[in-house]
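Visitor: Have a look at the structure that comes next, please.
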Amino acid sequence: MNANKHRLKKVNIRDVAVHRILFLSVSICVYLWLILLSSCATKPTDLRTLAPAETLVYLETNDLAAALQPIVDSKPFTEVAKKKPDFSALKGVQLAVAVTGFETSEEKLTDEHSVGSVQPHFVAIAETHAWQFQTVRFAETKLGAFVAEMYDGEPTLEKSEKRDGRFFTWTSADGRKAYALVKGSLIYFGNDESAIDKCLAVRRGEADSIIKTGKVSLASQETLASGYVSTDGIAQIANIVSLKFASEAGDEPQVQSAIAGILPQLLRSSITDISWKQSIDVWPGGIQDNYVISMPSDISAVFSETLSPVGDPNGGMSFIPKNFRTATRYNVKSLPIAWRSIMFAIQGKIDPIATKAATELSPVVFGPYGIVNSEGFFGSVGQQLITISNEDAGVAVIGAVKNYSEFVKAISKDFSLPKEPSKLVKNTTIKTADGDTAIVFLDDYFILGDPVVIEACLQQDVSKWEFGMKSFYGRFNEGKPTAIVTAGRDRDSVKAVVEMFGETNDTTSDGNRYLTETRFTRTGIERRTVSDFGLIGSIIAQLGQD
């Protein structure tokens with residue numbers, strides 16, 4: 001704990017450039033997708049045969065046009081864009097990205113502050129299905145422009161004939177390098193020359209490809225894009241992710257240190273690998289991202305039992321306001337048992353010091369809701385809870401009280417609630433002395449949290465379920481029972497995506513809508529997200545916003 005605290009004091013994690021590291025490889029992939037220009041139809045290449053077995057993160061698509069088209073066909077894009085881009089030139093172009101390692105560095109600015117950075121070692125393999133001269137021209141001009149953008153300046157270029165192909169080396173003013181090798185219609189591009197050599201060794205049969213692992217299956221025709229994070233990849237990314245979460249947990253050093261100490265251990269010991277596939281969703285339309293998160297059997301067995309759903313009720317959902325950012329429904333057999341199983345699993349996967357530090361995180365997670373005793377709270381309410389957040393990060397929770405006396409003990413004492421539920425004044429909002437938190441009791445439910453969010457909930461017409469865009473979010477109530485369902489929308493991303501492809505008009509949009517279902521199985525976690533933009537579109541939005 002003390003070591004973590006000292007390290008975080010040295011490095012100002014709000015300045016650490018590790019945000020969105022989970023999507024870093026996809027970002028590389030998307031950038032290259034956006035600058036490929038021409039292709040011709042030939043037999044598809046199995047890109048898995050070209051990536052080394054030790055790849056940490058692997059992503060591929062067999063048709064760039066098919067992967068990008070649903071984004072520009074979506075409702076928010078067509079509402080805001082002046083015109084759709086033409087992806088016909090990208091039809092049939094294949095691309096894979098293999099991340100082979102991560103390199104971290106730290107630059108000291110002052111005695112108290114440093115800037116950290118994370119550099120992935122990657123190679124992107126593009127099958128252009130074009131003629132050799134076209135591929136060479138693309139590498140020299142388009143990839144050169146891409147490198148210049150990455151390095152914020154015009155790099156020097158060296159061209160040579162080696163490795164049985166045309167080799168390019170770009171060098172920035174500060175010494176950073178990027179490399180590309182053109183062999184026929186194939187381009188190997190990356191920031192690590194040795195990573196290209198590893199791919200060539202695979203092609204020559206001197207090293208195993210990623211197929212040897214048995215973890216990356218051949219994509220079906222319905223798959224737009226797919227990806228995989230290996231066990232070693234999880235281990236290396238865990239440290240990076242912990243800094244991101246710590247930087248978002250506020251300014252308390254103890255809390256930041258606790259997160260930085262707990263998350264790496266927890267992720268490394270509880271996640272085996274992750275697979276991802278993207279396809280077109282049939283209803284209600286949009287893009288579907290499916291994630292399979294494999295976990296050790298001792299954890300997955302407990303979670304599948306204690307976090308199993310009990311049907312698919314819609315109680316309390318009529319209070320979800322139209323103007324929400326995210327809404328999540330938790331629906332399990334027993335909330336207190338589920339909570340204890342999660343805490344037990346965490347404690348079994350981290351060391352005693354980190355376990356003690358975990359207790360410091362409870363105020364960060366539950367404090368904004370006015371909850372002071374998490375276990376007591378879960379034991380005092382029903383099987384379903386709904387959490388809501390608005391655009392200003394205000395939050396509230398909706399549920400039903402099962403044990404009033406225990407409920408009162410579990411929430412802030414500043415509410416000064418009566419000891420007997422019969423003496424409650426219904427439909428009247430009660431605020432704490434500082435006005436930061438409020439609670440209101442209705443006939444069957446309570447709403448607890450930010451007063452602004454509560455007021456928006458109370459303004460809803462509860463006689464009908466409006467919920468903003470019901471036609472899209474109808475899956476809250478339909479289909480297979482789900483333990484956790486999250487719906488939301490991101491208004492800022494629409495303009496960013498459109499501007500990456502062209503110009504916007506003066507029309508506004510409801511935003512990129514998404515709905516995520518989370519189920520716990522005997523082997524791990526299955527997550528399905530249906531959205532307007534999909535994961536690829538979300539990454540494009542982040543690139544545009546940056």
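Ordered as shown in the structure tokens, chains take letters A, B, and onward, while each chain numbers its residues from 1 and ligands are numbered from 1 in the order shown.
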From a DSSP calculation on the backbone, collect every residue of stretch 310-545 of chain A in strand (DSSP E or B) and output the set as a ChimeraX atom specification.
Guide: /A:326-331,371,381,384-389,395-399,401,411,430-431,438-441,446-449,484-490,504,512-520,524-531
Visitor: I want to know what sits within 10 Å of stretch 181-193 of chain A, based on only C-alpha atoms, with residues of the same chain fewer than 6 positions away left out; could you give that as a short mmCIF file (atom, residue, chain, number, x, y, z; two decimals) with N, CA, C and O atoms, in the first residue's frame?
Guide:
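New file selection-v6.cif:
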data_model
loop_
_atom_site.label_atom_id
_atom_site.label_comp_id
_atom_site.auth_asym_id
_atom_site.auth_seq_id
_atom_site.Cartn_x
_atom_site.Cartn_y
_atom_site.Cartn_z
N ILE A 28 -5.48 2.16 -33.81
CA ILE A 28 -4.51 1.98 -34.89
C ILE A 28 -5.21 1.41 -36.12
O ILE A 28 -5.03 1.86 -37.25
N LEU A 32 -5.88 3.28 -39.97
CA LEU A 32 -5.45 2.72 -41.24
C LEU A 32 -6.63 2.47 -42.16
O LEU A 32 -6.53 2.63 -43.38
N SER A 39 -8.56 -1.12 -54.03
CA SER A 39 -8.42 -2.57 -53.94
C SER A 39 -9.03 -3.19 -55.18
O SER A 39 -9.80 -2.57 -55.90
N LEU A 50 -0.74 -15.01 -40.69
CA LEU A 50 0.36 -14.04 -40.81
C LEU A 50 0.76 -13.41 -39.49
O LEU A 50 1.77 -12.71 -39.41
N GLN A 94 -8.60 -6.23 -46.61
CA GLN A 94 -8.49 -6.91 -45.32
C GLN A 94 -7.42 -6.24 -44.47
O GLN A 94 -6.43 -5.73 -44.99
N LEU A 95 -7.62 -6.27 -43.16
CA LEU A 95 -6.65 -5.67 -42.27
C LEU A 95 -6.63 -6.39 -40.93
O LEU A 95 -7.68 -6.73 -40.38
N ALA A 96 -5.43 -6.65 -40.42
CA ALA A 96 -5.25 -7.23 -39.09
C ALA A 96 -4.22 -6.39 -38.34
O ALA A 96 -3.28 -5.86 -38.94
N VAL A 97 -4.42 -6.26 -37.04
CA VAL A 97 -3.47 -5.56 -36.18
C VAL A 97 -3.04 -6.51 -35.07
O VAL A 97 -3.90 -7.09 -34.39
N ALA A 98 -1.74 -6.68 -34.90
CA ALA A 98 -1.20 -7.54 -33.84
C ALA A 98 -0.34 -6.68 -32.92
O ALA A 98 0.64 -6.08 -33.36
N VAL A 99 -0.74 -6.61 -31.64
CA VAL A 99 0.06 -5.91 -30.64
C VAL A 99 0.95 -6.95 -29.95
O VAL A 99 0.45 -7.93 -29.40
N THR A 100 2.25 -6.76 -30.02
CA THR A 100 3.19 -7.75 -29.49
C THR A 100 3.80 -7.35 -28.16
O THR A 100 4.52 -8.14 -27.55
N GLY A 101 3.53 -6.14 -27.69
CA GLY A 101 4.07 -5.71 -26.40
C GLY A 101 3.70 -4.27 -26.10
O GLY A 101 3.19 -3.55 -26.96
N GLN A 119 3.44 2.99 -24.93
CA GLN A 119 3.60 2.81 -26.36
C GLN A 119 3.41 1.34 -26.71
O GLN A 119 4.15 0.47 -26.26
N PRO A 120 2.39 1.00 -27.51
CA PRO A 120 2.23 -0.40 -27.92
C PRO A 120 3.21 -0.74 -29.05
O PRO A 120 3.45 0.07 -29.94
N HIS A 121 3.78 -1.91 -29.01
CA HIS A 121 4.56 -2.40 -30.13
C HIS A 121 3.60 -3.19 -31.01
O HIS A 121 3.04 -4.20 -30.59
N PHE A 122 3.38 -2.72 -32.23
CA PHE A 122 2.35 -3.33 -33.06
C PHE A 122 2.83 -3.49 -34.50
O PHE A 122 3.78 -2.84 -34.95
N VAL A 123 2.14 -4.36 -35.20
CA VAL A 123 2.29 -4.47 -36.64
C VAL A 123 0.90 -4.62 -37.24
O VAL A 123 0.09 -5.42 -36.78
N ALA A 124 0.61 -3.80 -38.25
CA ALA A 124 -0.65 -3.88 -38.97
C ALA A 124 -0.37 -4.56 -40.31
O ALA A 124 0.56 -4.19 -41.03
N ILE A 125 -1.18 -5.57 -40.61
CA ILE A 125 -1.01 -6.34 -41.85
C ILE A 125 -2.20 -6.04 -42.75
O ILE A 125 -3.34 -6.39 -42.42
N ALA A 126 -1.95 -5.39 -43.86
CA ALA A 126 -3.03 -5.01 -44.78
C ALA A 126 -2.90 -5.83 -46.06
O ALA A 126 -1.85 -5.83 -46.71
N GLU A 127 -3.97 -6.54 -46.39
CA GLU A 127 -4.07 -7.24 -47.68
C GLU A 127 -4.91 -6.35 -48.60
O GLU A 127 -6.13 -6.31 -48.50
N THR A 128 -4.23 -5.60 -49.44
CA THR A 128 -4.92 -4.63 -50.29
C THR A 128 -5.58 -5.26 -51.51
O THR A 128 -6.46 -4.64 -52.12
N HIS A 129 -5.13 -6.45 -51.90
CA HIS A 129 -5.60 -7.10 -53.13
C HIS A 129 -5.37 -6.18 -54.33
O HIS A 129 -6.16 -6.17 -55.28
N ALA A 130 -4.32 -5.38 -54.23
CA ALA A 130 -3.98 -4.45 -55.31
C ALA A 130 -2.70 -4.90 -55.99
O ALA A 130 -2.02 -5.83 -55.53
N TRP A 131 -2.34 -4.24 -57.08
CA TRP A 131 -1.08 -4.54 -57.74
C TRP A 131 0.09 -4.04 -56.89
O TRP A 131 -0.06 -3.15 -56.07
N GLN A 132 1.29 -4.60 -57.14
CA GLN A 132 2.47 -4.24 -56.37
C GLN A 132 2.74 -2.74 -56.44
O GLN A 132 3.01 -2.09 -55.42
N PHE A 133 2.67 -2.15 -57.61
CA PHE A 133 3.01 -0.73 -57.73
C PHE A 133 2.00 0.15 -56.98
O PHE A 133 2.34 1.20 -56.44
N GLN A 134 0.71 -0.30 -56.98
CA GLN A 134 -0.30 0.45 -56.22
C GLN A 134 -0.02 0.38 -54.72
O GLN A 134 -0.15 1.38 -54.00
N THR A 135 0.37 -0.79 -54.26
CA THR A 135 0.63 -0.98 -52.84
C THR A 135 1.85 -0.18 -52.40
O THR A 135 1.86 0.43 -51.33
N VAL A 136 2.89 -0.16 -53.23
CA VAL A 136 4.09 0.63 -52.92
C VAL A 136 3.74 2.11 -52.85
O VAL A 136 4.18 2.83 -51.93
N ARG A 137 2.97 2.58 -53.82
CA ARG A 137 2.59 3.99 -53.85
C ARG A 137 1.78 4.36 -52.61
O ARG A 137 1.97 5.42 -52.02
N PHE A 138 0.86 3.47 -52.22
CA PHE A 138 0.07 3.72 -51.02
C PHE A 138 0.96 3.82 -49.78
O PHE A 138 0.82 4.72 -48.95
N ALA A 139 1.91 2.88 -49.66
CA ALA A 139 2.79 2.87 -48.49
C ALA A 139 3.59 4.16 -48.40
O ALA A 139 3.74 4.75 -47.32
N GLU A 140 4.11 4.61 -49.53
CA GLU A 140 4.97 5.79 -49.52
C GLU A 140 4.19 7.08 -49.24
O GLU A 140 4.65 7.94 -48.49
N LEU A 143 0.69 6.09 -46.03
CA LEU A 143 1.27 5.74 -44.73
C LEU A 143 2.23 6.82 -44.26
O LEU A 143 2.34 7.10 -43.06
N VAL A 147 2.07 8.65 -40.67
CA VAL A 147 3.20 8.76 -39.75
C VAL A 147 3.44 10.22 -39.37
O VAL A 147 3.69 10.54 -38.20
N LYS A 159 14.23 4.55 -48.08
CA LYS A 159 13.67 3.43 -48.84
C LYS A 159 14.79 2.46 -49.21
O LYS A 159 15.90 2.89 -49.56
N SER A 160 14.48 1.18 -49.14
CA SER A 160 15.49 0.18 -49.47
C SER A 160 14.81 -1.10 -49.95
O SER A 160 13.60 -1.27 -49.79
N GLU A 161 15.61 -1.97 -50.54
CA GLU A 161 15.12 -3.29 -50.98
C GLU A 161 15.71 -4.33 -50.02
O GLU A 161 16.90 -4.61 -50.05
N LYS A 162 14.89 -4.87 -49.15
CA LYS A 162 15.34 -5.92 -48.24
C LYS A 162 14.13 -6.72 -47.77
O LYS A 162 12.99 -6.31 -47.96
N ARG A 163 14.43 -7.86 -47.18
CA ARG A 163 13.39 -8.80 -46.74
C ARG A 163 12.49 -9.20 -47.92
O ARG A 163 11.28 -9.39 -47.76
N ASP A 164 13.10 -9.25 -49.09
CA ASP A 164 12.39 -9.64 -50.32
C ASP A 164 11.21 -8.72 -50.62
O ASP A 164 10.16 -9.15 -51.10
N GLY A 165 11.38 -7.45 -50.34
CA GLY A 165 10.32 -6.49 -50.62
C GLY A 165 10.83 -5.07 -50.57
O GLY A 165 12.03 -4.82 -50.43
N ARG A 166 9.93 -4.11 -50.70
CA ARG A 166 10.27 -2.68 -50.60
C ARG A 166 10.08 -2.25 -49.15
O ARG A 166 8.98 -2.38 -48.60
N PHE A 167 11.15 -1.76 -48.52
CA PHE A 167 11.14 -1.43 -47.10
C PHE A 167 11.22 0.09 -46.91
O PHE A 167 12.01 0.76 -47.57
N PHE A 168 10.39 0.61 -46.03
CA PHE A 168 10.34 2.04 -45.74
C PHE A 168 10.62 2.26 -44.25
O PHE A 168 10.09 1.54 -43.39
N THR A 169 11.43 3.27 -43.95
CA THR A 169 11.69 3.65 -42.56
C THR A 169 11.46 5.15 -42.42
O THR A 169 12.12 5.95 -43.10
N TRP A 170 10.53 5.53 -41.56
CA TRP A 170 10.27 6.93 -41.27
C TRP A 170 10.86 7.27 -39.91
O TRP A 170 10.67 6.52 -38.92
N CYS A 199 6.42 -11.55 -37.91
CA CYS A 199 5.38 -11.91 -38.88
C CYS A 199 5.99 -12.62 -40.09
O CYS A 199 5.40 -13.58 -40.61
N LEU A 200 7.14 -12.15 -40.54
CA LEU A 200 7.79 -12.78 -41.69
C LEU A 200 8.25 -14.19 -41.35
O LEU A 200 8.19 -15.10 -42.19
#
Visitor: So which one's closest to A:Thr387, A:Ile350, A:Val453, A:Ile439, A:Phe407? Using only C-alpha atoms, please.
Guide: A:Val453
Visitor: Which is closest to A:Ser422 among A:Glu455, A:Asp443, A:Glu406, A:Asp73, if we use only C-alpha atoms?
Guide: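 Checking each of A:Glu455, A:Asp443, A:Glu406, A:Asp73 against A:Ser422, counting only C-alpha atoms, the winner is A:Asp443.
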Visitor: From a DSSP calculation on the backbone, collect every residue of stretch 25-202 of chain A in alpha helix (DSSP H) and output the set as an MDAnalysis selection string.
Guide: chainID A and resid 25:35 64:73 75:80 132:138 144:151 193:202
Visitor: Which one is closest to A:Asn239: A:Leu266, A:Ala345, A:Val332, A:Leu218? Count only C-alpha atoms.
Guide: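 Ranking A:Leu266, A:Ala345, A:Val332, A:Leu218 by distance to A:Asn239, first place goes to A:Leu266.
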Visitor: Can you measure atom CA of A:Ile540 to atom CA of A:Thr78 for me? One decimal in Å is fine.
Guide: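 Between atom CA of A:Ile540 and atom CA of A:Thr78 the gap works out to 16.1 Å.
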Visitor: What's around A:Lys426 at 12 Å? Count only C-alpha atoms, leave out sequence neighbours fewer than 6 positions away in its own chain, and write the answer as a list in words.
Guide: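 Here the answer would be Leu417, Ile439, Val440, Phe441, Leu442, Asp443, Asp444, Tyr445, Phe446 and Ile447 of chain A.
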Visitor: Using Å and a single decimal, report how far atom CA of A:Ala81 sits from atom CA of A:Ser509.
Guide: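 Value for the atom CA of A:Ser509-atom CA of A:Ala81 distance: 10.5 Å.
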